[in-house]
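Below you'll find the structure, written out as structure tokens, and then a few comments.
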Amino acid sequence: MPEHKVRSMEGYKLIYSDTTSEYISDTEPAVGQELGIRLRAPRKSTSKVQIIINDEIITMTRKRKSGDYEFYETTVTLGDEMIRYYFRVTVDGEDYIYDNRGAIPESGNPKAIDEECFFRVIPGFKTPGWAKGAVFYQIYVDRFNNGDKTNDVRTGEYRYLDKLTEAKNWDDPIDSGLNEFYGGDLKGVIDKLDYLKDLGVEVIYLNPIFVSPSNHKYDTADYDYVDPHFGVIVNDDDTVLDSTLKDNTEAKGFIKRVTDKENLEASNMLFCELTKEAHARGMRVILDGVFNHCGSFNKWMDAERIYENMPDYHKGAYIAKDSPYHDYFTFGNKGSWPYNEDYETWWDYKTLPKLNYECRELYDHILKIGAKWVSQPYNADGWRLDVAADLGPDSETNHRFWSDFRNKVKEANPEAIILAEHYGDASPWLRGGQWDTVMNYDAFMEPVTWFLTGMEKHSDEYKPKLIGDADAFWDSMARNGARMSMPSYQTAMNELSNHDHSRFLTRTTHKAGRVEKLGSAAAKEGADKAVLRQAVVMQMTWIGAPTLYYGDEAGLVGFTDPDNRRVYPWGAEDKKLIDFHKAAIRIHKESPELKYGSLMRLPAARGSVAYARVYKKEATIVIANTMNIEMEYKIPVSLLGIGSGKRYRTMLTTDRQGYRTRGRRYKDKNGVITVRVKPGGAVIIRHKKLWARHREENTLPAKKEEGKGN
């Protein structure tokens, strides 16, 4: 059996610091506060520790010794701006730069100092305590559960993108994806709240639910109301609005149902019931805000003449030059009317007119929408923001709007979360005054996907050499994770799949391509649930908020959209896989270190990653082995800094034969435990202190309890 041996640990590898509460006195400090900062270094061999904060060099003071370590501290008075810092540590006569990458030899290394990897602390910035490490569950409403068949979209009810709508049976295959409706609704979500609670879900994230003719609803027609097809159809009289239809008879069903105020108000009240029932079960609900663009059928534009001549509706900008909504959009050649066909769109989609945030009336209206839905009686718990970086005509407008949006939403509900969709460096929006956090593509979904499957997240590319490439994994995680301060990192949405990318289980097939070329059956052929279980182990033990995409826990597959939007397989679920998710979620929720703790890289063999999460003398060790052979690891638990002679216990093991909860016990022998992991396996091992004997140790000034605050 191959064995991964650990030579005597070089001193510099014992250096550690981060921005969790073990190493700074307050993870969410106030403006003007004194902040204590700590670094751990190897005892006896360390001769100097300096911290460089915004180019100021401060020599740190050695405060305490413990076992193999000594601890250096300093205090800095914060202003109102973000501070960025790194350390220079002299060990055995050599200088090392220490930042989010770990310890980097400085001598002869021009890349040792890398600003992207500095630690960040933002005075006055807080994210909701409830969201730190919370278990999210994303629901694409039309495909989750049909709780009310009376509100189902009917075949031929209206025309969308030159196709008539089509009502599907729950088990029918997905075709184009845009005009097909399966009947999922908010009542269906309410009916499954107990299932979600039993699974361990703490937060429900709903894809868009506002009025729209598409099943995805990223083309909003009316931000003020829940779509009655997701809500309640009270008035279903075909004759009610016939007199207003004129020649647009193909749209009469859509007009009737989505403009009838009785239906709209009843649908909003159903959403109130959903949040009430979720809150009663200790769960929260966040909404999808699509504010960069709307639909061409939005009541403000009305290019499909849906709202024309409707009672209580003004003329849309497409219909009338003097429309009160004219400036909500950007039109091109204004030499003569009509110029209505020439309007700015998002990515050249004619059905997605871009909203004009140079119009103050629109600007203020969207701010009111942001506050409305997180207030009574709706009581949503926050927003996920679609393509948030694209909003506005320029960067200045974008940042100003999100600053104002944050102020309005937090004023209405200080506990609301503001979570944005973003690819790439989001740090300009994460400096305290705009977004709380992001969907974590760069510091979770992509590195995990490449490491375990070698696949790009859309399944568009396969790079087998990246499977098991631990250095590439760690470099990506460190560099991209460093772009977030700890309050953002701990609340970042860590997904394996979602509505925009292929299902993770389909990525394990190593088939590159999309459904139109490969066919829907290929999404399942060769799928490897053992690799999915490895990914879930990492998802439930990494920094951030683990987020399940509906049906992943039940074994759903699918290429990128629309194939990733298949219906939840009620009655045909993989119950063993659901039980596995329950077990992994339970470990996550019962282990404070997995929500608040430090993340330490541990040495591991080729094709493997090993790491620990450590918090207040509790520790979880995780190992994932991508090799086709069983591996033995000598894990240096002395790196964890929780003391010697500790006992550890296997909490969860998964491999190609299945999974097991509990298992082998380990005892630290000379700072090492020996762990075996089978091919394609992963293991979670935990040390839990005896709370009755707990005494607070190593407390920096102004230390506070995790998870509190706004």
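In the structure tokens, each chain is lettered A, B, ... as it comes, each chain's residues begin at 1, and ligands are numbered from 1 in order of appearance.
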Using only C-alpha atoms, which residues of region 354-392 of chain A come within 9 Å of region 209-228 of chain A, and what is the closest atom pair for each, with the distance in Å to one decimal? Give it as a tab-separated table, sorted by chain and residue number.
residue	atom	partner	partner_atom	distance
A:Ile366	CA	A:Tyr223	CA	8.6
A:Ile369	CA	A:Tyr223	CA	7.1
A:Lys372	CA	A:Asp224	CA	8.7
A:Trp373	CA	A:Asp224	CA	8.8
A:Asp386	CA	A:Tyr218	CA	8.4
Among region 443-518 of chain A, which residues does DSSP mark as strand (DSSP E or B) when it is run on the backbone? Keep the chain and numbering as in the structure and answer as an MDAnalysis selection string. chainID A and resid 455 462 493:495
Pick from A:Pro353, A:Ile684, A:Thr661, A:Leu640, whichever lies nearest to Ile621 (chain A) using only C-alpha atoms: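 For Ile621 (chain A), the nearest of the candidates is A:Ile684.
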Quick one: residues within 6 Å of region 36-48 of chain A, only C-alpha atoms counted, chain neighbours fewer than 3 positions away excluded, as a tab-separated table (two decimals) with N, CA and C atoms, in the first residue's frame?
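Result file is out-v1.tsv:
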chain	number	residue	atom	x	y	z
A	11	GLY	N	10.65	24.21	10.01
A	11	GLY	CA	10.08	25.18	10.94
A	11	GLY	C	9.11	26.14	10.30
A	14	LEU	N	5.35	25.64	10.22
A	14	LEU	CA	4.55	25.78	11.43
A	14	LEU	C	3.94	27.17	11.57
A	15	ILE	N	4.34	28.09	10.70
A	15	ILE	CA	3.79	29.45	10.75
A	15	ILE	C	2.31	29.40	10.37
A	16	TYR	N	1.50	30.16	11.11
A	16	TYR	CA	0.09	30.23	10.74
A	16	TYR	C	-0.55	31.51	11.26
A	17	SER	N	-1.43	32.07	10.41
A	17	SER	CA	-2.32	33.15	10.82
A	17	SER	C	-3.43	33.22	9.78
A	23	TYR	N	-7.21	34.54	15.34
A	23	TYR	CA	-6.00	35.28	14.98
A	23	TYR	C	-6.21	36.78	14.83
A	24	ILE	N	-7.44	37.25	14.87
A	24	ILE	CA	-7.69	38.68	15.04
A	24	ILE	C	-8.77	38.81	16.11
A	25	SER	N	-8.74	39.92	16.82
A	25	SER	CA	-9.59	40.05	18.01
A	25	SER	C	-11.06	40.23	17.66
A	68	ASP	N	5.14	23.42	20.64
A	68	ASP	CA	6.10	23.71	19.57
A	68	ASP	C	6.00	25.14	19.06
A	69	TYR	N	5.10	25.94	19.64
A	69	TYR	CA	4.79	27.25	19.06
A	69	TYR	C	5.04	28.39	20.03
A	70	GLU	N	5.21	29.57	19.44
A	70	GLU	CA	5.14	30.81	20.20
A	70	GLU	C	4.27	31.78	19.41
A	71	PHE	N	3.62	32.68	20.11
A	71	PHE	CA	2.61	33.54	19.50
A	71	PHE	C	3.05	34.99	19.58
A	72	TYR	N	2.96	35.66	18.44
A	72	TYR	CA	3.35	37.06	18.32
A	72	TYR	C	2.09	37.89	18.09
A	73	GLU	N	2.05	39.07	18.73
A	73	GLU	CA	0.85	39.89	18.63
A	73	GLU	C	1.21	41.36	18.45
A	74	THR	N	0.26	42.09	17.91
A	74	THR	CA	0.34	43.54	17.87
A	74	THR	C	-1.08	44.08	17.84
A	75	THR	N	-1.20	45.37	18.09
A	75	THR	CA	-2.51	46.03	18.06
A	75	THR	C	-2.43	47.21	17.12
A	89	VAL	N	8.47	36.74	8.42
A	89	VAL	CA	8.86	35.93	9.57
A	89	VAL	C	10.25	35.35	9.31
A	90	THR	N	11.13	35.53	10.26
A	90	THR	CA	12.49	35.00	10.14
A	90	THR	C	12.58	33.71	10.94
A	91	VAL	N	12.81	32.59	10.26
A	91	VAL	CA	12.91	31.27	10.88
A	91	VAL	C	14.22	30.64	10.43
A	92	ASP	N	15.01	30.19	11.41
A	92	ASP	CA	16.31	29.57	11.12
A	92	ASP	C	17.15	30.46	10.21
Best match for closeness to Val614 (chain A) among A:Glu180, A:Glu22, A:Glu358, A:Asp191, counting only C-alpha atoms: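 Of A:Glu180, A:Glu22, A:Glu358, A:Asp191, the one nearest Val614 (chain A) is A:Glu22, counting only C-alpha atoms.
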Residues of region 404-588 of chain A in alpha helix (DSSP H), written as a PyMOL selection string: chain A and resi 404-412+446-453+470-481+486-489+504-507+515-518+529-539+575-588
